[in-house]
Amino acid sequence: MKLDLLRHGETERGGGFRGSLDDALTERGWAQMGAGIEGAGPWDALVSSPLQRCAGFARDLQRRLGLPLSFEPELRELHFGQWEGRSAAELMEDQAEGLGRFWNDPYSFTPPDGESLLDFEARVLAASERLRDRFLGQRVLLVTHGGVIRILVARARQMARSQLMQVEVAHGALFRLASDGQGLRERP
């Protein structure tokens, strides 16, 4: 399976730890995603996170391209618990130590009442394997979140867990992977 990963664009409520919050895209966010897929494809199918910052664009693309679309709840963003909706600047005021620990080693620090990165990684990798089995031999566009893309790209690059935060994923960024029985790898 050839898997193109598209991160959602800018959201109405801005940056920060959006996680499970269901924000809509801004006009700029729509434009970022459109620019991200310019010249990409063709795809056989579309898969999206069910959160509207991904799903809205995926539905619009489905209408324009006439491709089948499915939603994969397991490919939603990491749940940040008490940090949801807060920016890094806000967290520096009362959670500076935790925020530093999270940025330096997210696998060993979970935001209060949040999802652990180990659990997040497990659900993302299991979902990607189900996609591989379901879309074997096809080319799929997955519309998803920065955290999901970081996990999959880090795995494809065979990066150590300690390097996860080094994978930069801008709004509207597109990454190209391939998935087979040997695992994930990047493709040109």
# chains A, B, ... in the order shown; residues from 1 in each chain; ligands from 1

$ select_by_dssp --residues "range 52-165 of chain A" --states "strand (DSSP E)" --output "CSV table (one decimal) with C-alpha atoms, in the first residue's frame"
chain,number,residue,atom,x,y,z
A,69,LEU,CA,-14.1,7.7,2.0
A,70,SER,CA,-13.9,5.9,5.4
A,71,PHE,CA,-13.2,7.2,8.9
A,139,ARG,CA,-2.8,4.2,-2.9
A,140,VAL,CA,-4.5,5.9,0.0
A,141,LEU,CA,-4.6,9.4,1.3
A,142,LEU,CA,-4.9,9.6,5.1
A,143,VAL,CA,-6.1,12.9,6.4
A,144,THR,CA,-5.0,13.1,10.0

$ closest_atom_pairs --of "range 73-181 of chain A" --to "range 32-36 of chain A" --cutoff "12 Å" --atoms "only C-alpha atoms" --output "Markdown table"
| residue | atom | partner | partner_atom | distance |
| --- | --- | --- | --- | --- |
| A:Leu141 | CA | A:Gly36 | CA | 11.6 |
| A:Val143 | CA | A:Met33 | CA | 9.4 |
| A:Thr144 | CA | A:Met33 | CA | 11.0 |
| A:His145 | CA | A:Met33 | CA | 12.0 |
| A:Val169 | CA | A:Gly36 | CA | 11.6 |
| A:Ala170 | CA | A:Gln32 | CA | 9.4 |
| A:His171 | CA | A:Gln32 | CA | 6.5 |
| A:Gly172 | CA | A:Met33 | CA | 4.2 |
| A:Ala173 | CA | A:Gly36 | CA | 5.5 |
| A:Leu174 | CA | A:Gly36 | CA | 5.6 |
| A:Phe175 | CA | A:Gly36 | CA | 9.3 |
| A:Arg176 | CA | A:Gly36 | CA | 11.6 |

$ residues_around --residues "Gly81 in chain A" --least-positions-apart "4" --cutoff "12 Å" --atoms "only C-alpha atoms" --output "number ranges by chain"
A: 17-21, 77, 85-86, 110-116

$ residues_around --residues "Arg53 in chain A" --least-positions-apart "4" --cutoff "9 Å" --atoms "only C-alpha atoms" --output "list of chain:residue names"
A:His8, A:Gly9, A:Glu10, A:Thr11, A:Asp22, A:Asp23, A:Ala24, A:Leu25, A:Gly29, A:Ser49, A:Phe57, A:Thr144, A:His145

$ atom_distance --atom1 "CA of Ala127 in chain A" --atom2 "CA of Gly56 in chain A"
20.7 Å

$ closest_residue --among "A:Leu131, A:Leu67, A:Leu51, A:Leu6" --to "Glu38 in chain A" --atoms "only C-alpha atoms"
A:Leu6

$ residues_around --residues "Arg185 in chain A" --least-positions-apart "4" --cutoff "9 Å" --atoms "only C-alpha atoms" --output "list in words"
Val153, Arg155, Ala156, Arg157, Gln158, Arg176, Leu177, Ala178, Ser179 and Asp180 of chain A

$ write_last_selection --atoms "C-alpha atoms" --output "compact mmCIF listing (two decimals), in the first residue's frame"
# COMPACT_ATOMS: atom_id res chain seq x y z
CA VAL A 153 7.09 8.82 9.93
CA ARG A 155 8.63 4.37 12.44
CA ALA A 156 9.32 4.59 8.69
CA ARG A 157 12.63 6.36 9.37
CA GLN A 158 13.48 3.82 12.10
CA ARG A 176 4.63 9.72 1.45
CA LEU A 177 5.05 6.25 2.92
CA ALA A 178 4.72 2.67 1.75
CA SER A 179 3.51 -0.17 3.93
CA ASP A 180 4.07 -3.85 3.30

$ closest_residue --among "A:Leu136, A:Arg7, A:Ala126, A:Glu121" --to "Glu168 in chain A" --atoms "only C-alpha atoms"
A:Arg7

$ closest_residue --among "A:Asp4, A:Glu186, A:Asp94, A:Glu84" --to "Ala40 in chain A" --atoms "only C-alpha atoms"
A:Asp4

$ residues_around --residues "Leu152 in chain A" --least-positions-apart "4" --cutoff "8 Å" --atoms "only C-alpha atoms" --output "number ranges by chain"
A: 124-125, 148, 156, 184

$ write_last_selection --atoms "N, CA, C and O atoms" --output "mmCIF file, in the first residue's frame"
data_model
loop_
_atom_site.group_PDB
_atom_site.id
_atom_site.type_symbol
_atom_site.label_atom_id
_atom_site.label_comp_id
_atom_site.auth_asym_id
_atom_site.auth_seq_id
_atom_site.Cartn_x
_atom_site.Cartn_y
_atom_site.Cartn_z
ATOM 1 N N VAL A 124 -2.201 3.770 17.006
ATOM 2 C CA VAL A 124 -1.876 4.278 15.669
ATOM 3 C C VAL A 124 -1.250 3.177 14.813
ATOM 4 O O VAL A 124 -1.628 2.986 13.647
ATOM 5 N N LEU A 125 -0.311 2.436 15.370
ATOM 6 C CA LEU A 125 0.345 1.371 14.600
ATOM 7 C C LEU A 125 -0.629 0.238 14.273
ATOM 8 O O LEU A 125 -0.602 -0.304 13.159
ATOM 9 N N VAL A 148 -0.157 11.651 14.920
ATOM 10 C CA VAL A 148 -0.276 10.406 14.163
ATOM 11 C C VAL A 148 0.829 10.342 13.109
ATOM 12 O O VAL A 148 1.516 9.321 12.952
ATOM 13 N N ALA A 156 8.788 4.793 10.041
ATOM 14 C CA ALA A 156 9.318 4.585 8.690
ATOM 15 C C ALA A 156 10.807 4.922 8.611
ATOM 16 O O ALA A 156 11.563 4.272 7.900
ATOM 17 N N LEU A 184 6.826 -0.032 7.564
ATOM 18 C CA LEU A 184 6.675 1.262 6.893
ATOM 19 C C LEU A 184 8.013 1.759 6.384
ATOM 20 O O LEU A 184 9.050 1.544 7.026
#

$ atom_distance --atom1 "CA of Arg150 in chain A" --atom2 "CA of Met165 in chain A"
7.5 Å
